[in-house]
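These notes are about the structure you will find just below.
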Amino acid sequence: AWTKTWTVVHSVMEPALIEAAKDVPAESPADRMKRLVQESWALVEKDLDAHGIKFFMRIFTIAPGALQLFSFKDVKDLEKSPELAAHAGTVMRTVGQAVAGLSDVQSLIPVLQSLGGAHAKYGVQPEHFPIVGEALLWTLEQGLTPYGVWTSEVKTAWVKTWATVVSVMVPALTSEANRDTPDDSSDRPMRLVQESWAL
């Protein structure tokens, strides 16, 4: 009796499931990458402040001179510094906003451009971005490995996402840094007129 029941259920359900699967749109590679980044970041957010401190300590391990760019450069016991903790928390929340913004890239681009431009006044250079990227990936690996989700696919998604962020921020940083550079050349008046007309 059960065999006949199973045969009837199977004969009805299998075609219905096959048809239903056709209606489910396939996830595009870009959507998959976005999902992997957002889902993995949700795990990092569970202890955002601690990950932020690890992130900055890793930057200073990779590039000790980078510490000189920060107001807390002379603080003793840096890892326990409230100044570092506050800045690290702000940066990690900003990363979280960028991750959330992956759902609306057109709105995210001006935010990243503004962020890139704002860092020019702190002396940030384009060559600092690979160091930050390396520290970010290391921090993510440390935070996600215990959950078993730091896979090559997740790493690749983060590498591509970081490359995209850099591709938006560095030109804005460079543009702002060039704007702040004194220009004694004879074309300065022409450039100023052109910039004012561009407004």
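Note on naming: chains are A, B, ... as they come in the structure tokens, residues start from 1 per chain, ligands start from 1 in the order shown.
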
>> Can you tell me which residues surround Ala50 of chain A at a distance of at most 10 Å, considering only C-alpha atoms, apart from same-chain residues fewer than 5 positions away, and format the answer as an MDAnalysis selection string?
In response: chainID A and resid 44:45 55 79 85 88:89 92 143

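Compared by their closest atoms to Glu127 of chain A, and using only C-alpha atoms, the residues A:Val105, A:Tyr147, A:Val95, A:Ala63 rank with A:Ala63 nearest.
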
> A:Ala177, A:Trp2, A:Lys46, A:His51: which is nearest Gly117 of chain A, counting only C-alpha atoms?
Replying inline: A:Ala177

>> Let's see if you can do this: from backbone DSSP, list all alpha helix (DSSP H) residues in segment 81-198 of chain A, as a VMD selection string.
In response: chain A and resid 82 to 101 105 to 118 129 to 144 152 to 180 188 to 198

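Put simply, atom CA of Val132 of chain A is 17.9 Å away from atom CA of Ser114 of chain A.
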
>> Nearest residue to Ser152 of chain A out of A:Leu137, A:Leu78, A:Val8, A:Ile53, using only C-alpha atoms?
In response: A:Leu137

> When distances are computed from only C-alpha atoms, which of A:Ala30, A:Trp158, A:Ser71, A:Trp138 shows the smallest separation from Met57 of chain A?
Replying inline: A:Trp138

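We find atom CA of Met169 of chain A and atom CA of Arg32 of chain A to be spaced 23.4 Å apart.
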
>> Taking 6 positions as the minimum chain separation for residues in the same chain, which residues sit within 12 Å of Gln142 of chain A when counting only C-alpha atoms? Answer as a PyMOL selection string.
In response: chain A and resi 40+43-44+47+50-52+54-55+58+135-136+148-150+155

Any chance you could export the current selection's N, CA, C and O atoms as a PDB file, in the first residue's frame?
ATOM      1  N   SER A  40      28.598  37.138   4.819  1.00  0.00           N
ATOM      2  CA  SER A  40      29.810  36.978   5.632  1.00  0.00           C
ATOM      3  C   SER A  40      30.012  38.192   6.527  1.00  0.00           C
ATOM      4  O   SER A  40      30.427  38.053   7.677  1.00  0.00           O
ATOM      5  N   LEU A  43      28.260  38.113   9.853  1.00  0.00           N
ATOM      6  CA  LEU A  43      28.948  37.364  10.911  1.00  0.00           C
ATOM      7  C   LEU A  43      30.030  38.214  11.569  1.00  0.00           C
ATOM      8  O   LEU A  43      30.219  38.166  12.786  1.00  0.00           O
ATOM      9  N   VAL A  44      30.735  39.012  10.782  1.00  0.00           N
ATOM     10  CA  VAL A  44      31.767  39.898  11.333  1.00  0.00           C
ATOM     11  C   VAL A  44      31.127  40.942  12.248  1.00  0.00           C
ATOM     12  O   VAL A  44      31.679  41.292  13.283  1.00  0.00           O
ATOM     13  N   ASP A  47      30.847  41.018  16.259  1.00  0.00           N
ATOM     14  CA  ASP A  47      31.869  41.543  17.160  1.00  0.00           C
ATOM     15  C   ASP A  47      32.678  42.602  16.419  1.00  0.00           C
ATOM     16  O   ASP A  47      33.899  42.510  16.285  1.00  0.00           O
ATOM     17  N   ALA A  50      35.838  44.528  18.090  1.00  0.00           N
ATOM     18  CA  ALA A  50      37.045  43.702  18.226  1.00  0.00           C
ATOM     19  C   ALA A  50      37.693  43.475  16.855  1.00  0.00           C
ATOM     20  O   ALA A  50      38.924  43.540  16.724  1.00  0.00           O
ATOM     21  N   HIS A  51      36.877  43.246  15.838  1.00  0.00           N
ATOM     22  CA  HIS A  51      37.425  43.064  14.492  1.00  0.00           C
ATOM     23  C   HIS A  51      38.059  44.360  13.984  1.00  0.00           C
ATOM     24  O   HIS A  51      39.072  44.319  13.278  1.00  0.00           O
ATOM     25  N   GLY A  52      37.480  45.497  14.346  1.00  0.00           N
ATOM     26  CA  GLY A  52      38.045  46.783  13.939  1.00  0.00           C
ATOM     27  C   GLY A  52      39.423  47.000  14.525  1.00  0.00           C
ATOM     28  O   GLY A  52      40.341  47.472  13.838  1.00  0.00           O
ATOM     29  N   LYS A  54      41.499  44.613  15.522  1.00  0.00           N
ATOM     30  CA  LYS A  54      42.388  43.659  14.838  1.00  0.00           C
ATOM     31  C   LYS A  54      42.795  44.183  13.462  1.00  0.00           C
ATOM     32  O   LYS A  54      43.942  44.049  13.051  1.00  0.00           O
ATOM     33  N   PHE A  55      41.838  44.762  12.754  1.00  0.00           N
ATOM     34  CA  PHE A  55      42.076  45.312  11.426  1.00  0.00           C
ATOM     35  C   PHE A  55      43.176  46.379  11.477  1.00  0.00           C
ATOM     36  O   PHE A  55      44.153  46.327  10.715  1.00  0.00           O
ATOM     37  N   ARG A  58      46.569  45.059  12.410  1.00  0.00           N
ATOM     38  CA  ARG A  58      47.168  44.370  11.266  1.00  0.00           C
ATOM     39  C   ARG A  58      47.774  45.381  10.279  1.00  0.00           C
ATOM     40  O   ARG A  58      48.863  45.155   9.745  1.00  0.00           O
ATOM     41  N   ALA A 135      45.045  43.941   5.008  1.00  0.00           N
ATOM     42  CA  ALA A 135      44.616  43.886   6.411  1.00  0.00           C
ATOM     43  C   ALA A 135      43.141  43.510   6.524  1.00  0.00           C
ATOM     44  O   ALA A 135      42.747  42.748   7.413  1.00  0.00           O
ATOM     45  N   LEU A 136      42.325  44.024   5.617  1.00  0.00           N
ATOM     46  CA  LEU A 136      40.893  43.696   5.636  1.00  0.00           C
ATOM     47  C   LEU A 136      40.682  42.214   5.376  1.00  0.00           C
ATOM     48  O   LEU A 136      39.933  41.543   6.110  1.00  0.00           O
ATOM     49  N   GLY A 148      33.488  28.673   9.704  1.00  0.00           N
ATOM     50  CA  GLY A 148      33.620  27.760   8.574  1.00  0.00           C
ATOM     51  C   GLY A 148      33.165  28.339   7.250  1.00  0.00           C
ATOM     52  O   GLY A 148      32.866  27.605   6.318  1.00  0.00           O
ATOM     53  N   VAL A 149      33.117  29.661   7.158  1.00  0.00           N
ATOM     54  CA  VAL A 149      32.622  30.267   5.929  1.00  0.00           C
ATOM     55  C   VAL A 149      33.707  31.015   5.140  1.00  0.00           C
ATOM     56  O   VAL A 149      33.395  31.606   4.109  1.00  0.00           O
ATOM     57  N   TRP A 150      34.943  31.003   5.603  1.00  0.00           N
ATOM     58  CA  TRP A 150      36.007  31.659   4.834  1.00  0.00           C
ATOM     59  C   TRP A 150      36.486  30.673   3.769  1.00  0.00           C
ATOM     60  O   TRP A 150      37.457  29.953   3.927  1.00  0.00           O
ATOM     61  N   LYS A 155      36.399  34.549  -0.251  1.00  0.00           N
ATOM     62  CA  LYS A 155      37.599  35.392  -0.380  1.00  0.00           C
ATOM     63  C   LYS A 155      37.599  36.102  -1.733  1.00  0.00           C
ATOM     64  O   LYS A 155      37.852  37.312  -1.805  1.00  0.00           O
TER      65      LYS A 155
END
